[in-house]
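This is model-v6.cif (mmCIF, C-alpha atoms; chains and numbers go by the auth columns).
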data_input
#
loop_
_atom_site.group_PDB
_atom_site.id
_atom_site.type_symbol
_atom_site.label_atom_id
_atom_site.label_comp_id
_atom_site.label_asym_id
_atom_site.label_seq_id
_atom_site.Cartn_x
_atom_site.Cartn_y
_atom_site.Cartn_z
_atom_site.B_iso_or_equiv
_atom_site.auth_seq_id
_atom_site.auth_asym_id
ATOM 1 C CA MET A 1 -13.107 7.242 -11.915 0.00 29 A
ATOM 2 C CA ALA A 2 -16.380 7.051 -10.052 0.00 30 A
ATOM 3 C CA ALA A 3 -16.869 4.760 -7.080 0.00 31 A
ATOM 4 C CA THR A 4 -15.654 1.370 -8.197 0.00 32 A
ATOM 5 C CA VAL A 5 -18.272 -1.384 -8.450 0.00 33 A
ATOM 6 C CA GLY A 6 -17.367 -4.858 -9.671 0.00 34 A
ATOM 7 C CA LYS A 7 -13.924 -3.742 -10.832 0.00 35 A
ATOM 8 C CA SER A 8 -10.531 -5.426 -10.705 0.00 36 A
ATOM 9 C CA ALA A 9 -7.764 -4.818 -8.178 0.00 37 A
ATOM 10 C CA LEU A 10 -4.103 -5.799 -8.259 0.00 38 A
ATOM 11 C CA LEU A 11 -2.220 -6.007 -4.960 0.00 39 A
ATOM 12 C CA ILE A 12 1.580 -5.951 -4.800 0.00 40 A
ATOM 13 C CA GLY A 13 2.984 -6.756 -1.357 0.00 41 A
ATOM 14 C CA ALA A 14 0.173 -8.954 -0.057 0.00 42 A
ATOM 15 C CA THR A 15 2.369 -11.042 2.232 0.00 43 A
ATOM 16 C CA GLY A 16 3.483 -8.090 4.366 0.00 44 A
ATOM 17 C CA GLN A 17 1.732 -7.089 7.564 0.00 45 A
ATOM 18 C CA THR A 18 -0.490 -4.433 6.008 0.00 46 A
ATOM 19 C CA GLY A 19 -0.781 -6.257 2.696 0.00 47 A
ATOM 20 C CA GLN A 20 -2.278 -9.323 4.362 0.00 48 A
ATOM 21 C CA GLN A 21 -5.096 -7.215 5.748 0.00 49 A
ATOM 22 C CA ILE A 22 -5.648 -5.395 2.449 0.00 50 A
ATOM 23 C CA LEU A 23 -5.938 -8.725 0.636 0.00 51 A
ATOM 24 C CA ARG A 24 -8.555 -9.999 3.073 0.00 52 A
ATOM 25 C CA ASP A 25 -10.578 -6.802 2.770 0.00 53 A
ATOM 26 C CA LEU A 26 -10.429 -6.847 -1.021 0.00 54 A
ATOM 27 C CA LEU A 27 -11.605 -10.444 -1.177 0.00 55 A
ATOM 28 C CA GLN A 28 -14.557 -9.688 1.067 0.00 56 A
ATOM 29 C CA SER A 29 -15.475 -6.432 -0.654 0.00 57 A
ATOM 30 C CA PRO A 30 -18.426 -6.549 -3.068 0.00 58 A
ATOM 31 C CA ASP A 31 -16.892 -3.612 -4.916 0.00 59 A
ATOM 32 C CA PHE A 32 -14.144 -5.717 -6.495 0.00 60 A
ATOM 33 C CA ALA A 33 -14.969 -8.648 -8.769 0.00 61 A
ATOM 34 C CA LYS A 34 -11.392 -9.745 -9.419 0.00 62 A
ATOM 35 C CA VAL A 35 -8.394 -9.505 -7.081 0.00 63 A
ATOM 36 C CA GLY A 36 -4.860 -10.192 -8.255 0.00 64 A
ATOM 37 C CA GLU A 37 -2.112 -11.075 -5.787 0.00 65 A
ATOM 38 C CA TYR A 38 1.273 -10.847 -7.504 0.00 66 A
ATOM 39 C CA GLY A 39 4.541 -11.160 -5.599 0.00 67 A
ATOM 40 C CA ARG A 40 7.711 -13.106 -4.866 0.00 68 A
ATOM 41 C CA ARG A 41 5.514 -15.243 -2.619 0.00 69 A
ATOM 42 C CA VAL A 42 1.760 -15.623 -2.594 0.00 70 A
ATOM 43 C CA THR A 43 -0.593 -16.325 0.279 0.00 71 A
ATOM 44 C CA ASP A 44 -1.592 -19.862 1.146 0.00 72 A
ATOM 45 C CA LYS A 45 -5.281 -19.953 0.230 0.00 73 A
ATOM 46 C CA SER A 46 -6.049 -22.046 3.313 0.00 74 A
ATOM 47 C CA ALA A 47 -5.091 -19.025 5.411 0.00 75 A
ATOM 48 C CA LEU A 48 -7.669 -16.823 3.686 0.00 76 A
ATOM 49 C CA PRO A 49 -11.398 -16.581 4.381 0.00 77 A
ATOM 50 C CA ALA A 50 -13.501 -18.715 2.069 0.00 78 A
ATOM 51 C CA SER A 51 -15.636 -15.712 1.189 0.00 79 A
ATOM 52 C CA GLY A 52 -14.332 -14.165 -2.014 0.00 80 A
ATOM 53 C CA ILE A 53 -11.609 -16.719 -2.648 0.00 81 A
ATOM 54 C CA ASP A 54 -13.123 -17.503 -6.044 0.00 82 A
ATOM 55 C CA LYS A 55 -12.182 -14.051 -7.355 0.00 83 A
ATOM 56 C CA LEU A 56 -8.514 -14.364 -6.364 0.00 84 A
ATOM 57 C CA VAL A 57 -5.857 -14.627 -9.073 0.00 85 A
ATOM 58 C CA GLN A 58 -2.361 -15.416 -7.779 0.00 86 A
ATOM 59 C CA ARG A 59 0.949 -15.276 -9.597 0.00 87 A
ATOM 60 C CA THR A 60 4.525 -15.591 -8.379 0.00 88 A
ATOM 61 C CA ILE A 61 6.698 -13.021 -10.121 0.00 89 A
ATOM 62 C CA ASP A 62 10.370 -12.091 -10.359 0.00 90 A
ATOM 63 C CA PHE A 63 10.848 -8.380 -9.691 0.00 91 A
ATOM 64 C CA GLU A 64 14.119 -8.562 -11.606 0.00 92 A
ATOM 65 C CA ASN A 65 12.239 -9.711 -14.698 0.00 93 A
ATOM 66 C CA LEU A 66 8.900 -7.912 -14.656 0.00 94 A
ATOM 67 C CA GLU A 67 8.558 -8.137 -18.423 0.00 95 A
ATOM 68 C CA GLU A 68 7.583 -11.770 -17.898 0.00 96 A
ATOM 69 C CA ALA A 69 5.254 -11.061 -14.950 0.00 97 A
ATOM 70 C CA GLY A 70 2.126 -10.405 -16.985 0.00 98 A
ATOM 71 C CA LEU A 71 1.192 -7.347 -14.948 0.00 99 A
ATOM 72 C CA LYS A 72 -0.777 -5.815 -17.802 0.00 100 A
ATOM 73 C CA GLU A 73 -2.756 -8.916 -18.755 0.00 101 A
ATOM 74 C CA HIS A 74 -5.864 -8.020 -16.787 0.00 102 A
ATOM 75 C CA LYS A 75 -5.894 -4.218 -17.222 0.00 103 A
ATOM 76 C CA TRP A 76 -6.416 -3.603 -13.507 0.00 104 A
ATOM 77 C CA ASP A 77 -8.797 -0.813 -12.511 0.00 105 A
ATOM 78 C CA VAL A 78 -7.028 -0.197 -9.205 0.00 106 A
ATOM 79 C CA VAL A 79 -3.419 -1.056 -8.350 0.00 107 A
ATOM 80 C CA PHE A 80 -2.639 -1.305 -4.635 0.00 108 A
ATOM 81 C CA ILE A 81 0.992 -1.400 -3.489 0.00 109 A
ATOM 82 C CA ALA A 82 1.931 -2.278 0.096 0.00 110 A
ATOM 83 C CA LEU A 83 5.416 -3.565 -0.687 0.00 111 A
ATOM 84 C CA GLY A 84 8.232 -2.425 1.568 0.00 112 A
ATOM 85 C CA THR A 85 11.086 -3.542 3.786 0.00 113 A
ATOM 86 C CA THR A 86 13.759 -2.234 6.152 0.00 114 A
ATOM 87 C CA LYS A 87 17.517 -1.921 5.796 0.00 115 A
ATOM 88 C CA LYS A 88 17.981 -4.614 8.448 0.00 116 A
ATOM 89 C CA VAL A 89 15.776 -7.110 6.630 0.00 117 A
ATOM 90 C CA ALA A 90 17.166 -6.247 3.195 0.00 118 A
ATOM 91 C CA GLY A 91 20.761 -6.549 4.388 0.00 119 A
ATOM 92 C CA SER A 92 22.158 -3.252 3.093 0.00 120 A
ATOM 93 C CA ALA A 93 21.134 0.257 2.097 0.00 121 A
ATOM 94 C CA ALA A 94 21.401 -0.621 -1.583 0.00 122 A
ATOM 95 C CA ALA A 95 19.268 -3.742 -1.212 0.00 123 A
ATOM 96 C CA PHE A 96 16.727 -1.799 0.807 0.00 124 A
ATOM 97 C CA GLU A 97 16.345 0.869 -1.868 0.00 125 A
ATOM 98 C CA LYS A 98 16.081 -1.752 -4.600 0.00 126 A
ATOM 99 C CA ILE A 99 13.129 -3.419 -2.884 0.00 127 A
ATOM 100 C CA ASP A 100 11.532 -0.379 -1.276 0.00 128 A
ATOM 101 C CA ARG A 101 11.744 1.920 -4.309 0.00 129 A
ATOM 102 C CA GLU A 102 12.897 0.199 -7.501 0.00 130 A
ATOM 103 C CA TYR A 103 10.614 -2.821 -7.182 0.00 131 A
ATOM 104 C CA VAL A 104 7.650 -0.659 -6.190 0.00 132 A
ATOM 105 C CA VAL A 105 8.023 1.848 -9.020 0.00 133 A
ATOM 106 C CA ASN A 106 8.773 -0.784 -11.645 0.00 134 A
ATOM 107 C CA ALA A 107 5.747 -2.855 -10.611 0.00 135 A
ATOM 108 C CA ALA A 108 3.490 0.200 -10.770 0.00 136 A
ATOM 109 C CA ARG A 109 4.880 1.065 -14.186 0.00 137 A
ATOM 110 C CA GLY A 110 4.416 -2.503 -15.370 0.00 138 A
ATOM 111 C CA ALA A 111 0.797 -2.634 -14.211 0.00 139 A
ATOM 112 C CA LYS A 112 -0.171 0.693 -15.789 0.00 140 A
ATOM 113 C CA SER A 113 -2.646 0.402 -18.635 0.00 141 A
ATOM 114 C CA ASP A 114 -3.793 2.944 -21.188 0.00 142 A
ATOM 115 C CA ALA A 115 -7.055 3.527 -19.285 0.00 143 A
ATOM 116 C CA PRO A 116 -7.234 7.231 -18.358 0.00 144 A
ATOM 117 C CA ASP A 117 -9.044 6.522 -15.075 0.00 145 A
ATOM 118 C CA GLN A 118 -6.791 3.776 -13.710 0.00 146 A
ATOM 119 C CA ARG A 119 -6.067 4.309 -10.026 0.00 147 A
ATOM 120 C CA LEU A 120 -2.908 3.711 -7.964 0.00 148 A
ATOM 121 C CA VAL A 121 -2.936 3.462 -4.155 0.00 149 A
ATOM 122 C CA TYR A 122 0.387 3.217 -2.301 0.00 150 A
ATOM 123 C CA VAL A 123 1.151 2.724 1.397 0.00 151 A
ATOM 124 C CA SER A 124 4.119 4.938 2.251 0.00 152 A
ATOM 125 C CA SER A 125 5.123 6.165 5.725 0.00 153 A
ATOM 126 C CA ILE A 126 4.840 9.129 8.012 0.00 154 A
ATOM 127 C CA GLY A 127 7.762 11.495 7.479 0.00 155 A
ATOM 128 C CA ALA A 128 8.299 10.531 3.844 0.00 156 A
ATOM 129 C CA ASP A 129 10.468 13.237 2.297 0.00 157 A
ATOM 130 C CA ALA A 130 12.675 12.983 -0.793 0.00 158 A
ATOM 131 C CA SER A 131 15.162 15.399 0.794 0.00 159 A
ATOM 132 C CA SER A 132 15.310 13.662 4.180 0.00 160 A
ATOM 133 C CA LYS A 133 18.700 12.860 5.708 0.00 161 A
ATOM 134 C CA PHE A 134 17.392 9.477 6.784 0.00 162 A
ATOM 135 C CA LEU A 135 17.478 6.533 4.395 0.00 163 A
ATOM 136 C CA TYR A 136 14.018 5.162 5.165 0.00 164 A
ATOM 137 C CA THR A 137 12.020 8.373 4.905 0.00 165 A
ATOM 138 C CA ARG A 138 14.093 9.616 1.937 0.00 166 A
ATOM 139 C CA SER A 139 13.427 6.392 0.025 0.00 167 A
ATOM 140 C CA LYS A 140 9.691 6.664 0.742 0.00 168 A
ATOM 141 C CA GLY A 141 9.649 10.273 -0.456 0.00 169 A
ATOM 142 C CA LEU A 142 11.534 9.455 -3.646 0.00 170 A
ATOM 143 C CA THR A 143 9.189 6.535 -4.258 0.00 171 A
ATOM 144 C CA GLU A 144 6.153 8.775 -3.865 0.00 172 A
ATOM 145 C CA ASN A 145 7.520 11.252 -6.400 0.00 173 A
ATOM 146 C CA ALA A 146 8.372 8.521 -8.881 0.00 174 A
ATOM 147 C CA LEU A 147 4.906 6.958 -8.601 0.00 175 A
ATOM 148 C CA ALA A 148 3.230 10.333 -9.074 0.00 176 A
ATOM 149 C CA SER A 149 5.129 10.838 -12.325 0.00 177 A
ATOM 150 C CA LEU A 150 3.932 7.569 -13.904 0.00 178 A
ATOM 151 C CA GLY A 151 0.749 9.128 -15.242 0.00 179 A
ATOM 152 C CA TYR A 152 -2.004 7.185 -13.493 0.00 180 A
ATOM 153 C CA GLY A 153 -5.396 8.857 -13.703 0.00 181 A
ATOM 154 C CA ASP A 154 -5.567 9.001 -9.914 0.00 182 A
ATOM 155 C CA THR A 155 -2.725 8.418 -7.443 0.00 183 A
ATOM 156 C CA ILE A 156 -3.462 8.175 -3.725 0.00 184 A
ATOM 157 C CA ILE A 157 -0.703 7.818 -1.134 0.00 185 A
ATOM 158 C CA PHE A 158 -1.068 7.009 2.552 0.00 186 A
ATOM 159 C CA ARG A 159 1.468 8.082 5.170 0.00 187 A
ATOM 160 C CA PRO A 160 0.566 6.015 8.239 0.00 188 A
ATOM 161 C CA ALA A 161 2.304 6.417 11.581 0.00 189 A
ATOM 162 C CA PHE A 162 3.430 3.503 13.767 0.00 190 A
ATOM 163 C CA LEU A 163 1.690 0.298 12.699 0.00 191 A
ATOM 164 C CA ALA A 164 -0.030 -1.438 15.579 0.00 192 A
ATOM 165 C CA GLY A 165 -1.426 -4.954 15.561 0.00 193 A
ATOM 166 C CA THR A 166 1.427 -6.553 13.658 0.00 194 A
ATOM 167 C CA ASN A 167 2.460 -10.158 14.139 0.00 195 A
ATOM 168 C CA ARG A 168 6.077 -10.433 13.063 0.00 196 A
ATOM 169 C CA ASP A 169 8.298 -13.504 13.255 0.00 197 A
ATOM 170 C CA SER A 170 11.008 -11.473 14.944 0.00 198 A
ATOM 171 C CA ILE A 171 10.527 -8.952 17.735 0.00 199 A
ATOM 172 C CA ARG A 172 11.992 -5.490 17.179 0.00 200 A
ATOM 173 C CA LEU A 173 13.001 -3.716 20.388 0.00 201 A
ATOM 174 C CA GLY A 174 11.866 -0.306 19.133 0.00 202 A
ATOM 175 C CA GLU A 175 8.480 -1.644 18.158 0.00 203 A
ATOM 176 C CA SER A 176 8.079 -3.370 21.523 0.00 204 A
ATOM 177 C CA ILE A 177 8.710 -0.115 23.358 0.00 205 A
ATOM 178 C CA ALA A 178 6.434 1.807 21.006 0.00 206 A
ATOM 179 C CA ALA A 179 3.655 -0.737 21.481 0.00 207 A
ATOM 180 C CA LEU A 180 3.683 0.063 25.193 0.00 208 A
ATOM 181 C CA VAL A 181 3.931 3.840 24.903 0.00 209 A
ATOM 182 C CA LEU A 182 1.916 4.801 21.821 0.00 210 A
ATOM 183 C CA PRO A 183 -1.518 3.564 22.982 0.00 211 A
ATOM 184 C CA ILE A 184 -1.239 6.158 25.741 0.00 212 A
ATOM 185 C CA VAL A 185 -0.045 8.852 23.331 0.00 213 A
ATOM 186 C CA SER A 186 -2.935 8.010 21.006 0.00 214 A
ATOM 187 C CA TYR A 187 -5.383 9.337 23.562 0.00 215 A
ATOM 188 C CA PHE A 188 -3.918 12.794 22.889 0.00 216 A
ATOM 189 C CA SER A 189 -2.956 12.556 19.188 0.00 217 A
ATOM 190 C CA ASN A 190 -4.329 10.932 16.033 0.00 218 A
ATOM 191 C CA ASN A 191 -0.875 10.919 14.460 0.00 219 A
ATOM 192 C CA ALA A 192 0.790 8.422 16.796 0.00 220 A
ATOM 193 C CA GLN A 193 -0.297 5.019 15.503 0.00 221 A
ATOM 194 C CA ILE A 194 -2.825 3.081 13.458 0.00 222 A
ATOM 195 C CA ASP A 195 -3.824 -0.566 13.612 0.00 223 A
ATOM 196 C CA ILE A 196 -3.005 -2.416 10.396 0.00 224 A
ATOM 197 C CA SER A 197 -6.601 -3.597 10.075 0.00 225 A
ATOM 198 C CA THR A 198 -7.790 0.011 10.274 0.00 226 A
ATOM 199 C CA LEU A 199 -5.202 1.145 7.739 0.00 227 A
ATOM 200 C CA ALA A 200 -6.185 -1.638 5.342 0.00 228 A
ATOM 201 C CA LYS A 201 -9.847 -0.686 5.620 0.00 229 A
ATOM 202 C CA SER A 202 -8.991 2.898 4.759 0.00 230 A
ATOM 203 C CA VAL A 203 -6.718 1.910 1.864 0.00 231 A
ATOM 204 C CA VAL A 204 -9.384 -0.281 0.265 0.00 232 A
ATOM 205 C CA ALA A 205 -11.985 2.462 0.751 0.00 233 A
ATOM 206 C CA ALA A 206 -9.742 4.983 -1.003 0.00 234 A
ATOM 207 C CA GLY A 207 -9.201 2.544 -3.858 0.00 235 A
ATOM 208 C CA LYS A 208 -12.941 2.174 -4.211 0.00 236 A
ATOM 209 C CA LEU A 209 -13.846 5.859 -3.931 0.00 237 A
ATOM 210 C CA GLY A 210 -10.964 7.620 -5.641 0.00 238 A
ATOM 211 C CA SER A 211 -9.673 11.096 -4.813 0.00 239 A
ATOM 212 C CA ALA A 212 -12.735 12.957 -6.054 0.00 240 A
ATOM 213 C CA ALA A 213 -15.148 11.035 -3.829 0.00 241 A
ATOM 214 C CA LEU A 214 -13.155 10.972 -0.596 0.00 242 A
ATOM 215 C CA PRO A 215 -15.075 12.421 2.375 0.00 243 A
ATOM 216 C CA ALA A 216 -13.858 15.665 3.899 0.00 244 A
ATOM 217 C CA SER A 217 -12.960 13.758 7.071 0.00 245 A
ATOM 218 C CA ALA A 218 -10.126 12.009 5.211 0.00 246 A
ATOM 219 C CA MET A 219 -8.400 15.402 5.098 0.00 247 A
ATOM 220 C CA ALA A 220 -6.897 14.520 1.730 0.00 248 A
ATOM 221 C CA SER A 221 -4.585 17.084 0.161 0.00 249 A
ATOM 222 C CA GLN A 222 -2.964 17.465 -3.228 0.00 250 A
ATOM 223 C CA VAL A 223 0.818 17.244 -3.105 0.00 251 A
ATOM 224 C CA GLY A 224 3.469 17.591 -5.784 0.00 252 A
ATOM 225 C CA LYS A 225 3.890 19.489 -9.031 0.00 253 A
ATOM 226 C CA ASN A 226 1.794 19.541 -12.183 0.00 254 A
ATOM 227 C CA GLY A 227 2.177 16.244 -13.989 0.00 255 A
ATOM 228 C CA ALA A 228 3.520 14.568 -10.850 0.00 256 A
ATOM 229 C CA SER A 229 0.955 15.286 -8.150 0.00 257 A
ATOM 230 C CA PHE A 230 -0.895 12.896 -5.884 0.00 258 A
ATOM 231 C CA THR A 231 -3.566 12.783 -3.205 0.00 259 A
ATOM 232 C CA LEU A 232 -2.065 12.476 0.273 0.00 260 A
ATOM 233 C CA ILE A 233 -3.850 10.948 3.257 0.00 261 A
ATOM 234 C CA ASN A 234 -2.065 11.158 6.594 0.00 262 A
ATOM 235 C CA ASN A 235 -2.549 9.024 9.685 0.00 263 A
ATOM 236 C CA LYS A 236 -5.379 11.114 11.118 0.00 264 A
ATOM 237 C CA GLY A 237 -7.198 11.059 7.782 0.00 265 A
ATOM 238 C CA ALA A 238 -6.777 7.298 7.458 0.00 266 A
ATOM 239 C CA LEU A 239 -8.303 6.769 10.902 0.00 267 A
ATOM 240 C CA ALA A 240 -11.257 8.972 10.015 0.00 268 A
ATOM 241 C CA LEU A 241 -11.818 7.368 6.619 0.00 269 A
ATOM 242 C CA ALA A 242 -11.852 3.907 8.147 0.00 270 A
ATOM 243 C CA SER A 243 -14.361 4.978 10.792 0.00 271 A
ATOM 244 C CA GLU A 244 -16.755 6.125 8.051 0.00 272 A
ATOM 245 C CA THR A 245 -16.374 2.943 6.007 0.00 273 A
ATOM 246 C CA LYS A 246 -18.889 0.186 6.574 0.00 274 A
#
Can the structure in the file be given as structure tokens, please?
Amino acid sequence: MAATVGKSALLIGATGQTGQQILRDLLQSPDFAKVGEYGRRVTDKSALPASGIDKLVQRTIDFENLEEAGLKEHKWDVVFIALGTTKKVAGSAAAFEKIDREYVVNAARGAKSDAPDQRLVYVSSIGADASSKFLYTRSKGLTENALASLGYGDTIIFRPAFLAGTNRDSIRLGESIAALVLPIVSYFSNNAQIDISTLAKSVVAAGKLGSAALPASAMASQVGKNGASFTLINNKGALALASETK
């Protein structure tokens, strides 16, 4: 797919920290004429900028009954997925994997059309590895592999580091400590953290450009096996891509 002009975008996970920023950027981007926000909850329109609100299509869906969600109705050009959770929030390892992997993969499958150039962009996490001993990174790695096997014309996956600039209802001790330490570390490494607004800017840019048109600075690489490969952008690449995006 060439650079996307006036195309449609579906966003799954718009009410999360990164998803909120992606939604705002999509609505204000002239490259997308229609933006779908589908999820268990949808954003209060009064909380969104007036610019671009007329192209927003919202629908509350049940991830346990995606056949009734109407994901295919609009034949989305680009599908963005920023859905995720933690074991603590989900309540158990099983519930975490259901939301973090099953819901994500099923939504991507449900939104897939027969268009050969349809694009999928997913926000994963640094350290994602299907063979990891740790639940979180293993689930992310397995999700990546499953998404890559769905057959989208172009699959792009981001592995951001620590997400800065979040505004959560509850304060996590680890995040509080990291927020103090990582800004210092970031002076020496581009793999320490990324602000959610910067990540969102990069994600939307990748959705617009596609793998073939990504600048060299994004340091994108092809990962996976034939028939289940994807374009990977790490934290350093996401920072660089955002800096080149107007």
Around all listed atoms of segment 107-114 of chain A, padded 3 Å per side, what centre and edge lengths does the axis-aligned box have in Å to one decimal, as JSON?
{"center_x": 5.2, "center_y": -2.3, "center_z": -1.1, "size_x": 23.2, "size_y": 8.5, "size_z": 20.5}
Using all atoms listed in the file, find all polymer residues with an atom at most 6 Å away from the point (1.6, -12.8, 0.5); report them as a list of chain:residue names. A:Ala42, A:Thr43, A:Arg69, A:Val70, A:Thr71
Smallest atom-to-atom distance to Lys253 of chain A: which of A:Val149, A:Gln86, A:Ser177, A:Thr46, using all atoms listed in the file?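 Ranked by minimum distance to Lys253 of chain A, first place goes to A:Ser177.
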Using only C-alpha atoms, determine which residues lie at most 12 Å from Asp59 of chain A, disregarding the query and same-chain residues fewer than 2 positions distant; provide the list as a PyMOL selection string. chain A and resi 30-37+53-57+61-63+80+83+105-106+232-237
At a cut-off of 6 Å from (1.4, -1.8, -2.9) in the coordinates of the file, what residues are picked up using all atoms listed in the file, written as a compact mmCIF listing (two decimals) with C-alpha atoms, in the frame of the given file?
# COMPACT_ATOMS: atom_id res chain seq x y z
CA LEU A 39 -2.22 -6.01 -4.96
CA ILE A 40 1.58 -5.95 -4.80
CA GLY A 41 2.98 -6.76 -1.36
CA PHE A 108 -2.64 -1.30 -4.64
CA ILE A 109 0.99 -1.40 -3.49
CA ALA A 110 1.93 -2.28 0.10
CA LEU A 111 5.42 -3.56 -0.69
CA TYR A 150 0.39 3.22 -2.30
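When only C-alpha atoms are used to compute distances to Ser152 of chain A, the closest of the residues A:Ala123, A:Asn262, A:Asn93, A:Ala246 turns out to be A:Asn262.
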Taking the file as shown, what set of residues would the PyMOL selection byres ((chain A and resi 89-92) around 8) give back, as a VMD selection string? chain A and resid 66 to 69 87 to 88 93 to 94 96 to 97 131 135
